Amino acid sequence: MQSSGHRFRDVEHHPLLPENDTYDSSSSEADMAERVWFIRDGCGMVCAIMTWLLVVYADFVVTFVMLLPSKDFWYSVINGVLFNCLAVLALSSHLRTMLTDPVSMRALPSTAVALVYAAILSATKVSFPFLSCSICKRCIRKMDHHCPWVNNCVGEKNQRFFVLFTMYIALISAHALILCGFQFFSCVRGQWTECSDFSPPVTVILMIFLCLEGFLFLTFTAVMFGTQIHSICNDETEIERLKSEKPTWERRLRWEGMKSVFGGQPSLLWINPFAGFRIRRLLLRAKKGGPEFSV
């Protein structure tokens with residue numbers, strides 16, 4: 001186990017906040033899942049909005065340019081339902097990643113960090129480090145990296161949703177590229193005026209932009225998905241992998257790491273971004289005036 005000084009050499013200097021704004025290891029996993037927060041970062045909010053707009057654009061082109069004008073009814077229905085379901089799952093995973101506290105506490109002055117961290121370790125047996133994020137202005141437990149596309153840090157409690165987000169974006173990107181290939185083949189083989197309700201130039205421009213978007217997103221998210229799974233299996237963070245450092249906690253076995261991130265034994269819940277979300281309890285807490293947002 002490495003020293004506290006080694007663990008916190010990357011922690012930045014931030015003002016000390018009130019005593020009640022510290023990490024509480026006694027909080028249940030359900031409470032953490034229901035604690036909604038939002039990072040007020042201009043770049044992150046712009047990137048998050050762009051992500052949604054690009055998915056909406058892809059859905060528009062697939063639905064209204066390629067599927068609805070198709071003469072094959074079942075081809076349109078099957079592909080339309082599949083693409084829209086994947087899009088909903090991708091955007092839901094994006095929301096869960098963005099609005100879930102990855103487990104944080106306010107950043108502390110460097111002189112107090114080691115003492116506070118040592119106290120947490122001795123009192124709770126916690127072995128995961130808190131690393132400071134200059135954008136979130138928080139110390140994030142088992143911080144992997146800060147992703148502007150989800151406007152949040154990827155940490156202990158939202159890494160599963162981030163992995164699902166990259167997986168579903170990669171799937172809809174691949175699906176869009178396949179549909180574009182079929183559409184181009186159909187239009188070239190037949191009449192361009194009959195393969196879409198839009199004019200041929202508009203149809204070509206919309207599909208070219210969709211192909212570029214699909215290729216870029218597929219490449220980026222597939223690589224990110226692979227690196228995340230690799231990090232989970234090796235029980236290390238992206239920061240430590242890039243720095244070629246050994247993890248600052250005791251490694252789990254590969255399968256134990258997967259179960260720790262995705263929760264329990266393998267099941268369909270692993271790929272369900274809605275798992276663990278209790279909107280009723282969240283609304284009750286809102287009526288009672290409980291703190292839902294941490295910014």
# chains A, B, ... in the order shown; residues from 1 in each chain; ligands from 1

call {"tool": "residues_around", "arguments": {"residues": "Ile208 in chain A", "least_positions_apart": "5", "cutoff": "9 Å", "atoms": "only C-alpha atoms", "output": "JSON, numbers by chain"}}
result
{"A": [180, 203, 213]}

call {"tool": "write_last_selection", "arguments": {"atoms": "N, CA, C and O atoms", "output": "compact mmCIF listing (two decimals), in the first residue's frame"}}
result
# COMPACT_ATOMS: atom_id res chain seq x y z
N CYS A 180 -27.10 3.15 -43.60
CA CYS A 180 -26.65 4.05 -44.67
C CYS A 180 -26.14 3.25 -45.87
O CYS A 180 -26.40 3.62 -47.03
N THR A 203 -30.84 14.45 -49.56
CA THR A 203 -30.69 13.09 -49.04
C THR A 203 -29.23 12.70 -48.96
O THR A 203 -28.77 12.13 -47.94
N GLU A 213 -20.57 11.14 -38.82
CA GLU A 213 -20.87 11.10 -37.39
C GLU A 213 -20.79 9.68 -36.86
O GLU A 213 -20.20 9.43 -35.80

call {"tool": "residues_around", "arguments": {"residues": "Met143 in chain A", "least_positions_apart": "3", "cutoff": "9 Å", "atoms": "only C-alpha atoms", "output": "number ranges by chain"}}
result
A: 102, 129-133, 139-140, 146, 153-156, 237-239

call {"tool": "atom_distance", "arguments": {"atom1": "CA of Leu212 in chain A", "atom2": "CA of Ala176 in chain A"}}
result
10.5 Å

call {"tool": "residues_around", "arguments": {"residues": "Leu53 in chain A", "least_positions_apart": "5", "cutoff": "12 Å", "atoms": "only C-alpha atoms", "output": "list in words"}}
result
Val46, Cys47, Ala48, Ala58, Asp59, Phe60, Ala87, Leu91 and Glu213 of chain A

call {"tool": "atom_distance", "arguments": {"atom1": "CA of Gly276 in chain A", "atom2": "CA of Asp101 in chain A"}}
result
13.7 Å

call {"tool": "closest_residue", "arguments": {"among": "A:Met98, A:Leu179, A:Leu54, A:Ala90", "to": "Ile78 in chain A", "atoms": "only C-alpha atoms"}}
result
A:Leu179

call {"tool": "residues_around", "arguments": {"residues": "Lys259 in chain A", "least_positions_apart": "2", "cutoff": "12 Å", "atoms": "only C-alpha atoms", "output": "number ranges by chain"}}
result
A: 160, 229, 232-233, 235, 252-257, 261-267, 269-270

call {"tool": "select_by_dssp", "arguments": {"residues": "range 39-250 of chain A", "states": "strand (DSSP E or B)", "output": "ChimeraX atom specification"}}
result
/A:100,104-106,130-133,138-141,145-147,152-154

call {"tool": "write_last_selection", "arguments": {"atoms": "N, CA and C atoms", "output": "PDB file, in the first residue's frame"}}
result
ATOM      1  N   THR A 100     -25.332  11.413 -11.625  1.00  0.00           N
ATOM      2  CA  THR A 100     -25.020  10.546 -10.489  1.00  0.00           C
ATOM      3  C   THR A 100     -23.731  11.000  -9.825  1.00  0.00           C
ATOM      4  N   SER A 104     -18.112  11.620  -3.846  1.00  0.00           N
ATOM      5  CA  SER A 104     -17.229  12.769  -3.777  1.00  0.00           C
ATOM      6  C   SER A 104     -17.252  13.396  -2.401  1.00  0.00           C
ATOM      7  N   MET A 105     -16.251  14.216  -2.179  1.00  0.00           N
ATOM      8  CA  MET A 105     -16.244  15.129  -1.044  1.00  0.00           C
ATOM      9  C   MET A 105     -15.519  16.386  -1.500  1.00  0.00           C
ATOM     10  N   ARG A 106     -15.779  17.485  -0.834  1.00  0.00           N
ATOM     11  CA  ARG A 106     -15.143  18.723  -1.228  1.00  0.00           C
ATOM     12  C   ARG A 106     -13.635  18.620  -1.097  1.00  0.00           C
ATOM     13  N   PHE A 130      -9.174   9.121  -2.995  1.00  0.00           N
ATOM     14  CA  PHE A 130      -9.892  10.263  -3.536  1.00  0.00           C
ATOM     15  C   PHE A 130      -8.889  11.104  -4.314  1.00  0.00           C
ATOM     16  N   LEU A 131      -9.167  11.360  -5.579  1.00  0.00           N
ATOM     17  CA  LEU A 131      -8.333  12.242  -6.382  1.00  0.00           C
ATOM     18  C   LEU A 131      -9.129  13.489  -6.723  1.00  0.00           C
ATOM     19  N   SER A 132      -8.456  14.625  -6.723  1.00  0.00           N
ATOM     20  CA  SER A 132      -9.141  15.894  -6.918  1.00  0.00           C
ATOM     21  C   SER A 132      -9.333  16.210  -8.388  1.00  0.00           C
ATOM     22  N   CYS A 133     -10.512  16.734  -8.708  1.00  0.00           N
ATOM     23  CA  CYS A 133     -10.826  17.169 -10.077  1.00  0.00           C
ATOM     24  C   CYS A 133     -10.937  18.688 -10.081  1.00  0.00           C
ATOM     25  N   ARG A 138     -14.073  18.860  -6.685  1.00  0.00           N
ATOM     26  CA  ARG A 138     -14.365  17.815  -5.715  1.00  0.00           C
ATOM     27  C   ARG A 138     -13.260  16.771  -5.731  1.00  0.00           C
ATOM     28  N   CYS A 139     -13.144  16.058  -4.611  1.00  0.00           N
ATOM     29  CA  CYS A 139     -12.292  14.875  -4.568  1.00  0.00           C
ATOM     30  C   CYS A 139     -13.174  13.674  -4.898  1.00  0.00           C
ATOM     31  N   ILE A 140     -12.824  12.957  -5.938  1.00  0.00           N
ATOM     32  CA  ILE A 140     -13.651  11.866  -6.458  1.00  0.00           C
ATOM     33  C   ILE A 140     -13.040  10.528  -6.066  1.00  0.00           C
ATOM     34  N   ARG A 141     -13.870   9.664  -5.497  1.00  0.00           N
ATOM     35  CA  ARG A 141     -13.397   8.357  -5.069  1.00  0.00           C
ATOM     36  C   ARG A 141     -13.208   7.432  -6.277  1.00  0.00           C
ATOM     37  N   HIS A 145     -11.508   9.365 -14.810  1.00  0.00           N
ATOM     38  CA  HIS A 145     -11.176  10.561 -15.587  1.00  0.00           C
ATOM     39  C   HIS A 145     -12.383  11.487 -15.572  1.00  0.00           C
ATOM     40  N   HIS A 146     -12.184  12.712 -15.991  1.00  0.00           N
ATOM     41  CA  HIS A 146     -13.311  13.642 -16.164  1.00  0.00           C
ATOM     42  C   HIS A 146     -13.666  13.672 -17.642  1.00  0.00           C
ATOM     43  N   CYS A 147     -14.931  13.406 -17.943  1.00  0.00           N
ATOM     44  CA  CYS A 147     -15.386  13.357 -19.336  1.00  0.00           C
ATOM     45  C   CYS A 147     -16.306  14.541 -19.624  1.00  0.00           C
ATOM     46  N   ASN A 152     -19.192  15.278 -16.241  1.00  0.00           N
ATOM     47  CA  ASN A 152     -19.023  14.708 -14.912  1.00  0.00           C
ATOM     48  C   ASN A 152     -17.737  13.893 -14.875  1.00  0.00           C
ATOM     49  N   CYS A 153     -17.280  13.632 -13.659  1.00  0.00           N
ATOM     50  CA  CYS A 153     -16.183  12.689 -13.483  1.00  0.00           C
ATOM     51  C   CYS A 153     -16.728  11.269 -13.532  1.00  0.00           C
ATOM     52  N   VAL A 154     -15.939  10.365 -14.047  1.00  0.00           N
ATOM     53  CA  VAL A 154     -16.289   8.945 -14.021  1.00  0.00           C
ATOM     54  C   VAL A 154     -15.591   8.348 -12.806  1.00  0.00           C
TER      55      VAL A 154
END

call {"tool": "atom_distance", "arguments": {"atom1": "CA of Phe165 in chain A", "atom2": "CA of Asn272 in chain A"}}
result
10.6 Å

call {"tool": "select_by_dssp", "arguments": {"residues": "range 129-242 of chain A", "states": "helix (DSSP H, G or I)", "output": "PyMOL selection string"}}
result
chain A and resi 159-189+200-233+238-242

call {"tool": "closest_residue", "arguments": {"among": "A:Ile135, A:Val204, A:Met50, A:Leu89", "to": "Leu164 in chain A", "atoms": "only C-alpha atoms"}}
result
A:Leu89

call {"tool": "residues_around", "arguments": {"residues": "Val202 in chain A", "least_positions_apart": "6", "cutoff": "12 Å", "atoms": "only C-alpha atoms", "output": "CSV table (one decimal) with all heavy atoms, in the first residue's frame"}}
result
chain,number,residue,atom,x,y,z
A,61,VAL,N,-32.5,11.3,-39.3
A,61,VAL,CA,-32.1,10.8,-40.6
A,61,VAL,C,-32.5,9.3,-40.8
A,61,VAL,O,-33.0,9.0,-41.8
A,61,VAL,CB,-30.6,11.0,-40.8
A,61,VAL,CG1,-30.1,10.4,-42.1
A,61,VAL,CG2,-30.2,12.4,-40.7
A,65,VAL,N,-35.6,9.8,-43.2
A,65,VAL,CA,-34.9,9.8,-44.5
A,65,VAL,C,-34.8,8.4,-45.1
A,65,VAL,O,-34.9,8.2,-46.3
A,65,VAL,CB,-33.5,10.5,-44.4
A,65,VAL,CG1,-32.8,10.4,-45.8
A,65,VAL,CG2,-33.6,12.0,-44.0
A,192,TRP,N,-33.3,7.7,-57.3
A,192,TRP,CA,-33.1,8.5,-56.2
A,192,TRP,C,-34.3,9.3,-55.7
A,192,TRP,O,-34.5,9.5,-54.5
A,192,TRP,CB,-32.0,9.5,-56.5
A,192,TRP,CG,-30.6,8.9,-56.3
A,192,TRP,CD1,-29.8,8.3,-57.3
A,192,TRP,CD2,-29.8,8.9,-55.1
A,192,TRP,NE1,-28.6,7.9,-56.8
A,192,TRP,CE2,-28.6,8.2,-55.5
A,192,TRP,CE3,-30.0,9.3,-53.8
A,192,TRP,CZ2,-27.6,8.0,-54.5
A,192,TRP,CZ3,-29.0,9.1,-52.9
A,192,TRP,CH2,-27.8,8.4,-53.2
A,193,THR,N,-35.2,9.6,-56.7
A,193,THR,CA,-36.4,10.3,-56.3
A,193,THR,C,-37.4,9.5,-55.6
A,193,THR,O,-38.3,10.0,-55.0
A,193,THR,CB,-37.0,10.9,-57.6
A,193,THR,OG1,-37.3,9.8,-58.5
A,193,THR,CG2,-36.1,11.9,-58.2
A,196,SER,N,-36.4,8.3,-51.2
A,196,SER,CA,-36.5,9.2,-50.0
A,196,SER,C,-37.5,10.3,-50.4
A,196,SER,O,-37.7,10.6,-51.5
A,196,SER,CB,-35.1,9.9,-49.7
A,196,SER,OG,-35.3,10.8,-48.7
A,208,ILE,N,-24.4,11.6,-45.8
A,208,ILE,CA,-22.9,11.8,-45.7
A,208,ILE,C,-22.6,12.2,-44.3
A,208,ILE,O,-21.7,11.7,-43.6
A,208,ILE,CB,-22.4,12.7,-46.8
A,208,ILE,CG1,-22.4,12.1,-48.1
A,208,ILE,CG2,-21.0,13.2,-46.4
A,208,ILE,CD1,-22.0,13.0,-49.3
A,209,PHE,N,-23.3,13.2,-43.8
A,209,PHE,CA,-23.1,13.7,-42.4
A,209,PHE,C,-23.3,12.6,-41.4
A,209,PHE,O,-22.6,12.5,-40.4
A,209,PHE,CB,-23.9,14.9,-42.1
A,209,PHE,CG,-23.3,16.2,-42.6
A,209,PHE,CD1,-23.9,17.0,-43.6
A,209,PHE,CD2,-22.2,16.8,-42.0
A,209,PHE,CE1,-23.3,18.2,-44.0
A,209,PHE,CE2,-21.6,18.0,-42.4
A,209,PHE,CZ,-22.2,18.7,-43.4
